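Q: If it helps, the file is called start.csv and holds CSV, C-alpha atoms and all ligand atoms:
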```csv
chain,number,residue,atom,x,y,z
A,1,MET,CA,9.2,0.4,49.0
A,2,ALA,CA,7.9,2.5,51.9
A,3,LEU,CA,9.2,5.8,50.7
A,4,PHE,CA,6.3,7.8,51.8
A,5,ARG,CA,4.3,7.9,55.0
A,6,LYS,CA,0.8,6.7,54.4
A,7,GLN,CA,-1.6,9.6,54.7
A,8,LYS,CA,-5.3,9.8,55.4
A,9,ASN,CA,-7.4,11.2,52.7
A,10,THR,CA,-5.2,10.5,49.8
A,11,VAL,CA,-7.2,8.0,47.8
A,12,GLY,CA,-9.7,8.7,45.0
A,13,LYS,CA,-11.1,11.9,43.9
A,14,PHE,CA,-13.2,14.5,45.6
A,15,GLU,CA,-16.9,13.9,44.9
A,16,THR,CA,-17.8,17.3,43.5
A,17,PRO,CA,-16.3,17.7,40.1
A,18,GLU,CA,-16.0,21.5,40.4
A,19,GLN,CA,-13.5,21.0,43.2
A,20,GLY,CA,-11.1,19.5,40.7
A,21,VAL,CA,-8.5,18.3,43.1
A,22,THR,CA,-7.2,14.8,42.6
A,23,PHE,CA,-5.4,13.0,45.4
A,24,ASN,CA,-2.8,10.5,44.4
A,25,GLU,CA,-1.1,7.7,46.2
A,26,PRO,CA,2.5,7.4,45.3
A,27,GLN,CA,2.8,4.8,42.6
A,28,PRO,CA,5.3,2.0,43.0
A,29,GLU,CA,8.1,2.2,40.5
A,30,THR,CA,7.2,0.1,37.5
A,31,ALA,CA,9.7,-1.0,34.9
A,32,ALA,CA,8.1,1.5,32.5
A,33,ALA,CA,8.1,4.4,35.0
A,34,ALA,CA,11.7,3.6,35.9
A,35,THR,CA,13.0,3.8,32.4
A,36,ALA,CA,10.7,6.4,30.8
A,37,PRO,CA,10.5,9.9,32.1
A,38,PRO,CA,7.3,11.6,31.1
A,39,HIS,CA,7.5,12.4,27.5
A,40,ASN,CA,9.2,15.5,26.3
A,41,ASN,CA,6.7,18.2,25.5
A,42,ASN,CA,9.0,20.6,23.9
A,43,GLU,CA,7.0,22.4,21.3
A,44,ALA,CA,9.0,25.4,20.2
A,45,GLN,CA,12.5,24.2,20.4
A,46,GLY,CA,14.6,21.1,20.8
A,47,THR,CA,16.5,20.5,24.0
A,48,GLY,CA,19.9,20.4,22.2
A,49,GLU,CA,22.3,18.0,23.7
A,50,SER,CA,20.2,17.0,26.7
A,51,ALA,CA,20.7,13.3,26.4
A,52,ALA,CA,20.1,11.5,29.6
A,53,THR,CA,23.2,10.1,31.0
A,54,GLY,CA,21.9,6.9,32.4
A,55,GLY,CA,23.4,5.6,35.6
A,56,GLY,CA,21.2,3.7,37.9
A,57,SER,CA,17.6,3.0,37.2
A,58,GLY,CA,14.3,4.4,38.4
A,59,PHE,CA,13.3,7.8,39.5
A,60,PHE,CA,13.4,7.2,43.2
A,61,GLY,CA,15.9,4.4,43.4
A,62,ARG,CA,19.0,5.7,41.6
A,63,ALA,CA,22.2,5.8,43.5
A,64,ARG,CA,23.5,9.3,43.9
A,65,VAL,CA,26.2,9.9,41.3
A,66,ALA,CA,29.2,12.0,42.2
A,67,LEU,CA,28.8,15.6,40.9
A,68,THR,CA,32.2,15.4,39.2
A,69,ASP,CA,30.9,12.5,37.0
A,70,ARG,CA,27.7,14.5,36.2
A,71,LEU,CA,29.8,17.5,35.2
A,72,LYS,CA,32.2,15.5,33.2
A,73,ARG,CA,31.8,17.1,29.8
A,74,THR,CA,32.1,20.7,31.2
A,75,LYS,CA,35.0,19.6,33.3
A,76,GLU,CA,36.8,18.1,30.4
A,77,SER,CA,36.2,20.8,27.8
A,78,PHE,CA,36.4,23.8,30.1
A,79,ILE,CA,38.6,23.3,33.2
A,80,GLY,CA,40.5,20.4,31.6
A,81,GLN,CA,41.5,22.6,28.7
A,82,ILE,CA,42.4,25.5,31.0
A,83,ARG,CA,44.6,23.2,32.9
A,84,ALA,CA,46.2,21.9,29.8
A,85,VAL,CA,47.1,25.3,28.3
A,86,ILE,CA,48.5,26.5,31.6
A,87,LYS,CA,50.5,23.3,32.1
A,88,ALA,CA,51.9,23.5,28.5
A,89,ALA,CA,52.9,27.2,29.0
A,90,GLY,CA,56.5,27.8,30.2
A,91,LYS,CA,55.5,31.2,31.5
A,92,VAL,CA,52.5,33.4,32.0
A,93,ASP,CA,52.2,35.8,29.0
A,94,GLU,CA,49.6,37.4,26.8
A,95,ASP,CA,49.5,34.4,24.5
A,96,LEU,CA,48.5,32.1,27.4
A,97,ILE,CA,45.9,34.7,28.7
A,98,GLU,CA,44.3,34.9,25.3
A,99,LYS,CA,44.0,31.1,25.1
A,100,ILE,CA,42.3,31.1,28.5
A,101,GLY,CA,39.9,33.8,27.2
A,102,GLU,CA,39.1,31.7,24.2
A,103,ILE,CA,38.3,28.6,26.3
A,104,LEU,CA,36.1,30.7,28.6
A,105,ILE,CA,34.1,32.0,25.6
A,106,LYS,CA,33.7,28.5,24.2
A,107,ALA,CA,32.5,27.3,27.6
A,108,ASP,CA,29.7,29.9,27.4
A,109,ALA,CA,30.9,32.1,30.3
A,110,GLY,CA,29.9,35.1,28.1
A,111,ALA,CA,32.0,38.0,26.9
A,112,GLN,CA,31.5,40.2,30.0
A,113,THR,CA,32.6,37.6,32.4
A,114,THR,CA,35.4,36.4,30.2
A,115,ASN,CA,36.8,39.9,30.0
A,116,ARG,CA,36.7,40.4,33.7
A,117,ILE,CA,38.5,37.1,34.3
A,118,VAL,CA,41.1,37.9,31.6
A,119,GLU,CA,41.8,41.3,33.2
A,120,LYS,CA,42.5,39.5,36.5
A,121,MET,CA,44.8,37.1,34.8
A,122,ARG,CA,46.7,40.1,33.4
A,123,ASP,CA,47.3,41.3,36.9
A,124,TYR,CA,48.9,38.0,37.7
A,125,GLU,CA,51.1,38.3,34.6
A,126,ALA,CA,52.2,41.8,35.7
A,127,ARG,CA,53.1,40.4,39.1
A,128,GLY,CA,55.2,37.7,37.5
A,129,SER,CA,53.1,34.8,38.6
A,130,SER,CA,54.1,31.2,37.6
A,131,PRO,CA,51.7,29.1,35.5
A,132,ALA,CA,50.9,27.0,38.6
A,133,GLU,CA,50.0,30.1,40.5
A,134,LEU,CA,47.9,31.3,37.6
A,135,LEU,CA,45.8,28.0,37.7
A,136,ASP,CA,45.3,28.5,41.4
A,137,SER,CA,44.2,32.1,41.0
A,138,PHE,CA,41.9,31.1,38.1
A,139,LYS,CA,40.2,28.6,40.4
A,140,LYS,CA,39.8,31.2,43.1
A,141,GLU,CA,38.4,33.7,40.7
A,142,ILE,CA,35.7,31.2,39.5
A,143,ALA,CA,34.9,30.3,43.1
A,144,ALA,CA,34.5,34.0,44.0
A,145,ILE,CA,32.2,34.6,41.1
A,146,ILE,CA,29.9,31.6,41.7
A,147,GLY,CA,30.1,31.7,45.5
A,148,GLN,CA,28.8,35.2,46.1
A,149,GLY,CA,25.6,35.5,48.1
A,150,GLU,CA,23.3,33.1,49.9
A,151,GLN,CA,22.1,30.4,47.5
A,152,ARG,CA,19.5,27.9,48.7
A,153,LEU,CA,15.8,27.2,48.4
A,154,ALA,CA,14.5,27.3,52.0
A,155,LEU,CA,10.9,26.4,52.9
A,156,GLY,CA,9.7,29.4,54.9
A,157,GLN,CA,7.1,29.3,57.7
A,158,ALA,CA,4.1,30.0,55.5
A,159,ARG,CA,1.7,27.1,54.9
A,160,PRO,CA,0.9,26.5,52.2
A,161,PHE,CA,4.2,27.5,50.8
A,162,VAL,CA,3.7,28.4,47.2
A,163,ILE,CA,6.5,27.9,44.6
A,164,LEU,CA,5.8,29.3,41.1
A,165,VAL,CA,8.0,27.7,38.4
A,166,VAL,CA,8.6,29.7,35.2
A,167,GLY,CA,10.8,29.5,32.1
A,168,VAL,CA,11.0,28.9,28.4
A,169,ASN,CA,9.6,25.6,26.9
A,170,GLY,CA,11.8,22.6,27.2
A,171,THR,CA,14.1,24.0,29.9
A,172,GLY,CA,12.8,21.5,32.5
A,173,LYS,CA,10.1,23.2,34.5
A,174,THR,CA,7.8,20.2,34.7
A,175,THR,CA,10.6,17.8,35.4
A,176,THR,CA,12.0,20.0,38.1
A,177,ILE,CA,8.5,20.2,39.7
A,178,GLY,CA,8.4,16.4,39.6
A,179,LYS,CA,11.8,16.1,41.3
A,180,LEU,CA,11.0,18.8,43.9
A,181,ALA,CA,7.7,17.0,44.7
A,182,GLY,CA,9.5,13.7,45.1
A,183,GLN,CA,11.9,15.2,47.5
A,184,TYR,CA,9.3,17.1,49.5
A,185,ARG,CA,7.1,14.0,49.7
A,186,GLN,CA,10.1,12.0,51.0
A,187,GLN,CA,10.4,14.7,53.7
A,188,GLY,CA,6.8,14.0,54.6
A,189,HIS,CA,5.2,17.2,53.2
A,190,LYS,CA,1.8,17.2,51.4
A,191,VAL,CA,2.4,18.5,48.0
A,192,MET,CA,-0.1,20.0,45.5
A,193,MET,CA,0.8,20.4,41.9
A,194,VAL,CA,-1.0,23.0,39.8
A,195,ALA,CA,-1.3,22.8,36.1
A,196,ALA,CA,-1.2,26.4,35.0
A,197,ASP,CA,0.4,25.5,31.7
A,198,THR,CA,-3.0,25.2,30.0
A,199,PHE,CA,-1.7,25.9,26.6
A,200,ARG,CA,-1.5,22.2,25.5
A,201,ALA,CA,-3.4,19.2,26.9
A,202,ALA,CA,-0.1,17.2,26.8
A,203,ALA,CA,1.4,19.6,29.3
A,204,ILE,CA,-1.4,19.0,31.8
A,205,GLU,CA,-1.1,15.2,31.3
A,206,GLN,CA,2.6,15.3,31.8
A,207,LEU,CA,2.2,17.1,35.2
A,208,GLU,CA,-0.5,14.7,36.2
A,209,ILE,CA,1.9,11.8,35.6
A,210,TRP,CA,4.4,13.4,38.0
A,211,ALA,CA,1.6,13.9,40.5
A,212,LYS,CA,0.7,10.2,40.4
A,213,ARG,CA,4.3,9.1,40.5
A,214,THR,CA,5.1,11.3,43.6
A,215,GLY,CA,1.8,11.0,45.4
A,216,SER,CA,1.0,14.6,45.1
A,217,MET,CA,-2.4,16.3,44.8
A,218,PHE,CA,-3.2,17.6,41.4
A,219,VAL,CA,-5.3,20.6,40.3
A,220,SER,CA,-6.1,21.3,36.7
A,221,LYS,CA,-8.7,22.7,34.4
A,222,SER,CA,-9.3,22.0,30.8
A,223,MET,CA,-6.9,23.1,28.1
A,224,GLY,CA,-7.1,26.8,27.2
A,225,ALA,CA,-8.4,27.8,30.7
A,226,ASP,CA,-7.1,31.0,32.2
A,227,PRO,CA,-3.9,30.0,34.0
A,228,ALA,CA,-4.4,32.5,36.8
A,229,GLY,CA,-7.9,31.0,37.3
A,230,VAL,CA,-6.3,27.5,37.8
A,231,VAL,CA,-4.0,29.0,40.4
A,232,TYR,CA,-6.9,30.8,42.1
A,233,ASP,CA,-8.8,27.5,42.3
A,234,ALA,CA,-5.9,25.7,43.7
A,235,LEU,CA,-5.1,28.2,46.4
A,236,GLU,CA,-8.7,28.4,47.4
A,237,LYS,CA,-8.8,24.7,47.9
A,238,SER,CA,-5.4,24.3,49.4
A,239,ALA,CA,-6.3,24.8,53.1
A,240,ALA,CA,-9.1,22.3,53.0
A,241,ALA,CA,-6.9,19.9,51.1
A,242,GLY,CA,-4.2,20.2,53.7
A,243,ALA,CA,-1.4,21.1,51.2
A,244,ASP,CA,1.9,22.2,52.7
A,245,ILE,CA,3.6,23.0,49.5
A,246,ILE,CA,2.1,24.1,46.2
A,247,LEU,CA,4.1,23.8,43.0
A,248,VAL,CA,2.7,25.8,40.1
A,249,ASP,CA,3.7,24.7,36.6
A,250,THR,CA,3.4,27.4,33.9
A,251,ALA,CA,3.6,27.7,30.1
A,252,GLY,CA,6.8,28.6,28.4
A,253,ARG,CA,5.9,30.0,25.0
A,254,LEU,CA,8.8,32.0,23.9
A,255,HIS,CA,10.0,34.7,26.2
A,256,THR,CA,9.9,37.3,23.5
A,257,LYS,CA,6.1,37.1,23.6
A,258,THR,CA,5.0,39.8,26.0
A,259,ASN,CA,1.7,38.0,26.6
A,260,LEU,CA,3.4,35.2,28.4
A,261,MET,CA,5.0,37.8,30.8
A,262,GLU,CA,1.5,39.3,31.3
A,263,GLU,CA,0.1,35.9,32.0
A,264,LEU,CA,2.8,35.3,34.6
A,265,LYS,CA,2.3,38.7,36.2
A,266,LYS,CA,-1.4,38.0,36.5
A,267,ILE,CA,-0.7,34.6,38.2
A,268,VAL,CA,1.6,36.4,40.7
A,269,ARG,CA,-1.1,39.1,41.3
A,270,VAL,CA,-3.9,36.6,41.8
A,271,ALA,CA,-1.8,34.4,44.1
A,272,GLY,CA,-0.8,37.4,46.2
A,273,LYS,CA,-4.4,38.6,46.6
A,274,LEU,CA,-5.8,35.2,47.7
A,275,LEU,CA,-2.8,34.3,49.8
A,276,PRO,CA,-0.9,37.4,50.9
A,277,GLY,CA,2.8,36.9,50.6
A,278,SER,CA,2.5,34.2,47.9
A,279,PRO,CA,4.0,33.1,45.7
A,280,HIS,CA,6.8,32.7,48.2
A,281,GLU,CA,9.3,31.7,45.6
A,282,ILE,CA,9.4,32.2,41.9
A,283,LEU,CA,11.9,29.9,40.3
A,284,LEU,CA,13.2,30.5,36.8
A,285,VAL,CA,14.4,27.3,35.1
A,286,LEU,CA,17.2,27.7,32.7
A,287,ASP,CA,18.7,25.0,30.4
A,288,ALA,CA,22.5,24.9,30.5
A,289,THR,CA,22.7,23.3,27.1
A,290,THR,CA,21.3,26.5,25.5
A,291,GLY,CA,24.4,28.4,26.6
A,292,GLN,CA,24.1,32.2,26.0
A,293,ASN,CA,20.4,31.9,25.4
A,294,ALA,CA,20.0,31.0,29.1
A,295,ILE,CA,21.5,34.4,29.9
A,296,SER,CA,19.2,36.3,27.6
A,297,GLN,CA,16.2,34.4,29.1
A,298,ALA,CA,17.3,35.3,32.6
A,299,ARG,CA,17.4,39.0,31.5
A,300,VAL,CA,13.9,39.0,30.1
A,301,PHE,CA,12.3,37.1,33.0
A,302,THR,CA,14.1,38.9,35.8
A,303,LYS,CA,13.0,42.2,34.3
A,304,ALA,CA,9.3,41.2,34.1
A,305,ILE,CA,8.7,39.3,37.3
A,306,PRO,CA,10.3,39.1,40.7
A,307,ILE,CA,12.3,35.9,40.3
A,308,THR,CA,13.7,34.7,43.6
A,309,GLY,CA,15.8,31.8,42.4
A,310,LEU,CA,17.4,30.3,39.4
A,311,VAL,CA,17.4,26.5,38.6
A,312,MET,CA,20.0,25.4,36.0
A,313,THR,CA,19.1,22.1,34.4
A,314,LYS,CA,20.9,19.6,32.1
A,315,LEU,CA,24.3,20.4,33.4
A,316,ASP,CA,24.9,16.7,32.8
A,317,GLY,CA,25.7,15.8,29.3
A,318,THR,CA,26.7,19.4,28.2
A,319,ALA,CA,30.0,21.1,27.7
A,320,LYS,CA,28.4,24.5,28.2
A,321,GLY,CA,28.4,24.4,32.0
A,322,GLY,CA,30.5,27.6,32.0
A,323,VAL,CA,27.3,29.4,31.5
A,324,LEU,CA,26.7,29.0,35.2
A,325,VAL,CA,29.7,31.2,35.8
A,326,GLY,CA,28.3,33.9,33.5
A,327,ILE,CA,24.9,33.7,35.2
A,328,ARG,CA,26.4,34.0,38.6
A,329,ASP,CA,28.5,36.9,37.5
A,330,ILE,CA,25.7,38.9,35.8
A,331,PHE,CA,22.7,38.3,38.0
A,332,ALA,CA,22.2,38.9,41.7
A,333,THR,CA,19.4,36.3,41.8
A,334,PRO,CA,20.8,33.1,43.4
A,335,VAL,CA,21.1,29.7,41.7
A,336,VAL,CA,19.1,27.6,44.2
A,337,LYS,CA,19.1,24.2,42.4
A,338,ILE,CA,21.0,22.5,39.6
A,339,GLY,CA,19.7,19.6,37.5
A,340,VAL,CA,22.3,17.0,36.7
A,341,GLY,CA,20.2,14.1,35.4
A,342,GLU,CA,16.8,12.4,35.3
A,343,GLY,CA,16.6,10.9,38.8
A,344,MET,CA,14.9,12.6,41.7
A,345,ASP,CA,18.3,13.1,43.4
A,346,ASP,CA,19.6,14.7,40.3
A,347,LEU,CA,18.0,17.9,41.3
A,348,ARG,CA,20.5,19.2,43.8
A,349,ASP,CA,21.3,22.1,46.0
A,350,PHE,CA,23.8,24.4,44.3
A,351,ASP,CA,26.8,24.3,46.6
A,352,PRO,CA,29.4,26.6,45.0
A,353,ASN,CA,32.4,25.0,46.8
A,354,GLU,CA,31.3,21.5,45.8
A,355,PHE,CA,30.7,22.7,42.3
A,356,VAL,CA,34.2,24.3,41.9
A,357,GLU,CA,35.9,21.2,43.5
A,358,ALA,CA,34.0,18.9,41.1
A,359,LEU,CA,35.0,21.0,38.1
A,360,PHE,CA,38.7,21.3,39.1
A,361,SER,CA,39.2,17.7,40.4
A,362,GLU,CA,41.7,15.8,38.3
B,401,LIG,N1,19.7,15.2,31.2
B,401,LIG,C1,18.8,16.0,31.8
B,401,LIG,N2,17.6,16.2,31.3
B,401,LIG,C2,16.7,17.0,31.9
B,401,LIG,C3,17.0,17.7,33.1
B,401,LIG,N3,15.9,18.4,33.5
B,401,LIG,C4,15.0,18.2,32.5
B,401,LIG,N4,15.4,17.3,31.6
B,401,LIG,C5,14.7,16.8,30.4
B,401,LIG,O1,14.4,18.0,29.6
B,401,LIG,C6,13.2,17.7,28.8
B,401,LIG,C7,12.2,18.9,28.9
B,401,LIG,O2,11.8,18.9,30.3
B,401,LIG,P1,10.3,19.4,30.7
B,401,LIG,O3,10.2,19.3,32.2
B,401,LIG,O4,9.2,18.8,29.9
B,401,LIG,O5,10.5,21.0,30.3
B,401,LIG,P2,9.4,22.2,30.4
B,401,LIG,O6,8.9,22.4,29.0
B,401,LIG,O7,10.1,23.4,30.8
B,401,LIG,O8,8.3,21.8,31.3
B,401,LIG,C8,12.7,16.4,29.3
B,401,LIG,O9,13.0,15.4,28.4
B,401,LIG,C9,13.4,16.2,30.7
B,401,LIG,O10,13.6,14.8,31.0
B,401,LIG,C10,18.3,17.5,33.7
B,401,LIG,O11,18.7,18.0,34.7
B,401,LIG,N5,19.2,16.7,33.0
B,402,MG,MG,6.3,21.7,31.0
```
If you convert what's in this file into structure tokens, what do you get?

A:
Amino acid sequence: MALFRKQKNTVGKFETPEQGVTFNEPQPETAAAATAPPHNNNEAQGTGESAATGGGSGFFGRARVALTDRLKRTKESFIGQIRAVIKAAGKVDEDLIEKIGEILIKADAGAQTTNRIVEKMRDYEARGSSPAELLDSFKKEIAAIIGQGEQRLALGQARPFVILVVGVNGTGKTTTIGKLAGQYRQQGHKVMMVAADTFRAAAIEQLEIWAKRTGSMFVSKSMGADPAGVVYDALEKSAAAGADIILVDTAGRLHTKTNLMEELKKIVRVAGKLLPGSPHEILLVLDATTGQNAISQARVFTKAIPITGLVMTKLDGTAKGGVLVGIRDIFATPVVKIGVGEGMDDLRDFDPNEFVEALFSE
């Protein structure tokens, strides 16, 4: 499978060990690689209901599954129920509006967002809208909340273009980096992965597996090394190594620990000193299956460091997709990617219109 352009200079390792850059050829998909994503390194918390949803095989080779299938559980438990209560109601009244509010809360839209939507629905009640009109306006309301602002991850002019990926353990940082790398490699970019999660050896190994799989360069130091030091080394070598895009993986020890935030701030500082303007993007990865926790994580991280984009993972296989509505309502930071499965193409651009249509499709 000739997915990637052959590149010069991509075989073997640099001679001098202190350079610490490994060049990888993309590995052909083996049966093992196709079925087994790098093992889950969650240390502090489980990933809840993050079961892979199957569908196709292999990281590179999977057929793109329709978004509406990936969002099935949220669609059924959230919009499906809204539609059902509205259909069952003969008229729009307080009873119906309360039911809609309960469904929103259960779908993890959050109290603030739920109240706002419920108030809007009361306006429709006052105007004497029919149930059919109410469903239509509910859809418009959701579309307005999640559609506000520009939401995409664009590669700017800078080379190398540095993307720092942060978030709590188990949310999907390393996997997201793997998927991004796969996509950028397919577009012909030279990618460098940086293992700045030095907290556990397994985390470094997991990223290295992704580097091999996607044919990305890999920079690491030993376990326990200063994460900002690893980033410093990587950026220093990036020009000679010819990297176009640098993806930095970080540790995710619980967000309540201020030292993690200090560590991340230091990485940002060091990167900016060595390569002014970098990191060009700081992505916060949030796990949809954690519902309201995702919102509190977003609060903590956006306060501490200049997050430029949110990535919401595991929207497949969860009924808590309503959290995305709450996130879009509360935070000005755009959602730039969504994760809807284990394949490379399951990290998708977040297109609000497509998302709403997928949720509301019958
Ligand atoms: N179903 C599903 N699983 C995902 C998605 N993104 C990540 N995962 C899984 O979540 C688990 C934790 O991911 P990992 O990248 O190790 O998280 P990290 O600790 O933040 O680096 C792994 O088992 C991933 O395969 C997604 O979009 N959908
Ligand atoms: Mg990780």

Q: May I have a table of the residues of chain A lying at most 12 Å from ligand MG 402 (chain B), giving each one's closest pair of atoms and their distance in Å to one decimal, counting only C-alpha atoms and all ligand atoms, ordered by chain and ascending residue number, as a Markdown table?

A:
```
| residue | atom | partner | partner_atom | distance |
| --- | --- | --- | --- | --- |
| A:Pro38 | CA | B:MG402 | MG | 10.1 |
| A:His39 | CA | B:MG402 | MG | 10.0 |
| A:Asn40 | CA | B:MG402 | MG | 8.3 |
| A:Asn41 | CA | B:MG402 | MG | 6.5 |
| A:Asn42 | CA | B:MG402 | MG | 7.7 |
| A:Glu43 | CA | B:MG402 | MG | 9.8 |
| A:Ala44 | CA | B:MG402 | MG | 11.7 |
| A:Val165 | CA | B:MG402 | MG | 9.7 |
| A:Val166 | CA | B:MG402 | MG | 9.3 |
| A:Gly167 | CA | B:MG402 | MG | 9.1 |
| A:Val168 | CA | B:MG402 | MG | 9.0 |
| A:Asn169 | CA | B:MG402 | MG | 6.6 |
| A:Gly170 | CA | B:MG402 | MG | 6.7 |
| A:Thr171 | CA | B:MG402 | MG | 8.2 |
| A:Gly172 | CA | B:MG402 | MG | 6.7 |
| A:Lys173 | CA | B:MG402 | MG | 5.4 |
| A:Thr174 | CA | B:MG402 | MG | 4.3 |
| A:Thr175 | CA | B:MG402 | MG | 7.3 |
| A:Thr176 | CA | B:MG402 | MG | 9.3 |
| A:Ile177 | CA | B:MG402 | MG | 9.1 |
| A:Gly178 | CA | B:MG402 | MG | 10.3 |
| A:Val194 | CA | B:MG402 | MG | 11.5 |
| A:Ala195 | CA | B:MG402 | MG | 9.2 |
| A:Ala196 | CA | B:MG402 | MG | 9.7 |
| A:Asp197 | CA | B:MG402 | MG | 7.1 |
| A:Thr198 | CA | B:MG402 | MG | 10.0 |
| A:Phe199 | CA | B:MG402 | MG | 10.0 |
| A:Arg200 | CA | B:MG402 | MG | 9.6 |
| A:Ala201 | CA | B:MG402 | MG | 10.8 |
| A:Ala202 | CA | B:MG402 | MG | 8.9 |
| A:Ala203 | CA | B:MG402 | MG | 5.6 |
| A:Ile204 | CA | B:MG402 | MG | 8.2 |
| A:Glu205 | CA | B:MG402 | MG | 9.9 |
| A:Gln206 | CA | B:MG402 | MG | 7.4 |
| A:Leu207 | CA | B:MG402 | MG | 7.5 |
| A:Glu208 | CA | B:MG402 | MG | 11.1 |
| A:Ile209 | CA | B:MG402 | MG | 11.8 |
| A:Trp210 | CA | B:MG402 | MG | 11.0 |
| A:Val248 | CA | B:MG402 | MG | 10.6 |
| A:Asp249 | CA | B:MG402 | MG | 6.9 |
| A:Thr250 | CA | B:MG402 | MG | 7.0 |
| A:Ala251 | CA | B:MG402 | MG | 6.6 |
| A:Gly252 | CA | B:MG402 | MG | 7.4 |
| A:Arg253 | CA | B:MG402 | MG | 10.2 |
| A:Val285 | CA | B:MG402 | MG | 10.7 |
```

Q: With distances taken over all atoms listed in the file, which of A:Arg159, A:Lys179, A:Lys106, A:Arg299 is nearest to ligand LIG 401 (chain B)?

A: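 Answer, going by the shortest atom-to-atom distance: A:Lys179.
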
Q: Closest to A:Val191 among A:Val231, A:Val340, A:Ile245, A:Ile295, using all atoms listed in the file?

A: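 Comparing A:Val231, A:Val340, A:Ile245, A:Ile295 against A:Val191, the winner is A:Ile245.
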
Q: Measure the distance from atom CA of A:Asp226 to atom CA of A:Glu263 in Å and round it to one decimal.

A: 8.7 Å

Q: Tell me which of A:Glu119, A:Phe331, A:Ala228, A:Leu284 sits closest to ligand LIG 401 (chain B), counting all atoms listed in the file.

A: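 The answer is A:Leu284, which sits nearest to ligand LIG 401 (chain B).
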
Q: Which residues, written as a list in words, have at least one atom at most 10 Å from A:Ile305, with all atoms listed in the file counted and residues fewer than 3 positions away on the same chain left out?

A: Val166, Met261, Glu262, Leu264, Lys265, Val268, Ile282, Leu284, Val300, Phe301, Thr302 and Thr308 of chain A

Q: For C-alpha atoms, I'd like the residues from the last selection saved as a PDB file, in the frame of the given file.

A:
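Here's the written file part-v6.pdb:
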```pdb
ATOM      1  CA  VAL A 166       8.600  29.700  35.200  1.00  0.00           C
ATOM      2  CA  MET A 261       5.000  37.800  30.800  1.00  0.00           C
ATOM      3  CA  GLU A 262       1.500  39.300  31.300  1.00  0.00           C
ATOM      4  CA  LEU A 264       2.800  35.300  34.600  1.00  0.00           C
ATOM      5  CA  LYS A 265       2.300  38.700  36.200  1.00  0.00           C
ATOM      6  CA  VAL A 268       1.600  36.400  40.700  1.00  0.00           C
ATOM      7  CA  ILE A 282       9.400  32.200  41.900  1.00  0.00           C
ATOM      8  CA  LEU A 284      13.200  30.500  36.800  1.00  0.00           C
ATOM      9  CA  VAL A 300      13.900  39.000  30.100  1.00  0.00           C
ATOM     10  CA  PHE A 301      12.300  37.100  33.000  1.00  0.00           C
ATOM     11  CA  THR A 302      14.100  38.900  35.800  1.00  0.00           C
ATOM     12  CA  THR A 308      13.700  34.700  43.600  1.00  0.00           C
TER      13      THR A 308
END
```

Q: Measure the distance from atom CA of A:Asp244 to atom CA of A:Tyr232 in Å and round it to one decimal.

A: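 Computing the Euclidean distance for atom CA of A:Asp244 and atom CA of A:Tyr232 yields 16.2 Å.
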
Q: Might you pull out every residue within 9 Å of A:Gln112, with all atoms listed in the file counted and same-chain residues fewer than 4 positions away left off, and present them as a list in words?

A: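 Residues meeting the cut-off are Arg116, Ile117, Gly326, Asp329 and Ile330 of chain A.
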
Q: Considering all atoms listed in the file, state which residue in the set A:Leu71, A:Ala243, A:Val230, A:Leu134 is at the smallest distance from A:Thr318.

A: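 Closest candidate: A:Leu71.
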
Q: So how many Å separate atom CA of A:Leu135 and atom CA of A:Arg83, to one decimal?

A: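 Calculated distance between atom CA of A:Leu135 and atom CA of A:Arg83 is 6.9 Å.
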
Q: Could you pull the residues within 8 Å of A:Lys87, counting all atoms listed in the file, minus those fewer than 3 positions along the same chain, as JSON, numbers by chain?

A: {"A": [83, 84, 90, 131, 132]}

Q: Those residues you just picked out, can you put them in a file as a PDB file, keeping the file's coordinate frame with C-alpha atoms?

A:
```
ATOM      1  CA  ARG A  83      44.600  23.200  32.900  1.00  0.00           C
ATOM      2  CA  ALA A  84      46.200  21.900  29.800  1.00  0.00           C
ATOM      3  CA  GLY A  90      56.500  27.800  30.200  1.00  0.00           C
ATOM      4  CA  PRO A 131      51.700  29.100  35.500  1.00  0.00           C
ATOM      5  CA  ALA A 132      50.900  27.000  38.600  1.00  0.00           C
TER       6      ALA A 132
END
```

Q: Have a look at A:Arg328, A:Lys237, A:Lys75, A:Arg70 and name the one nearest to ligand LIG 401 (chain B); count all atoms listed in the file.

A: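 Between A:Arg328, A:Lys237, A:Lys75, A:Arg70, the residue approaching ligand LIG 401 (chain B) most closely is A:Arg70.
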
Q: Taking all atoms listed in the file into account, which of A:Lys314, A:Lys320, A:Arg122, A:Arg348 comes nearest ligand LIG 401 (chain B)?

A: A:Lys314

Q: Quick one: residues within 10 Å of A:Glu94, all atoms listed in the file, excluding same-chain residues fewer than 5 positions away - as a PDB file with C-alpha atoms, in the frame of the given file?

A:
```pdb
ATOM      1  CA  LYS A  99      44.000  31.100  25.100  1.00  0.00           C
ATOM      2  CA  ILE A 100      42.300  31.100  28.500  1.00  0.00           C
ATOM      3  CA  VAL A 118      41.100  37.900  31.600  1.00  0.00           C
ATOM      4  CA  MET A 121      44.800  37.100  34.800  1.00  0.00           C
ATOM      5  CA  ARG A 122      46.700  40.100  33.400  1.00  0.00           C
ATOM      6  CA  GLU A 125      51.100  38.300  34.600  1.00  0.00           C
TER       7      GLU A 125
END
```
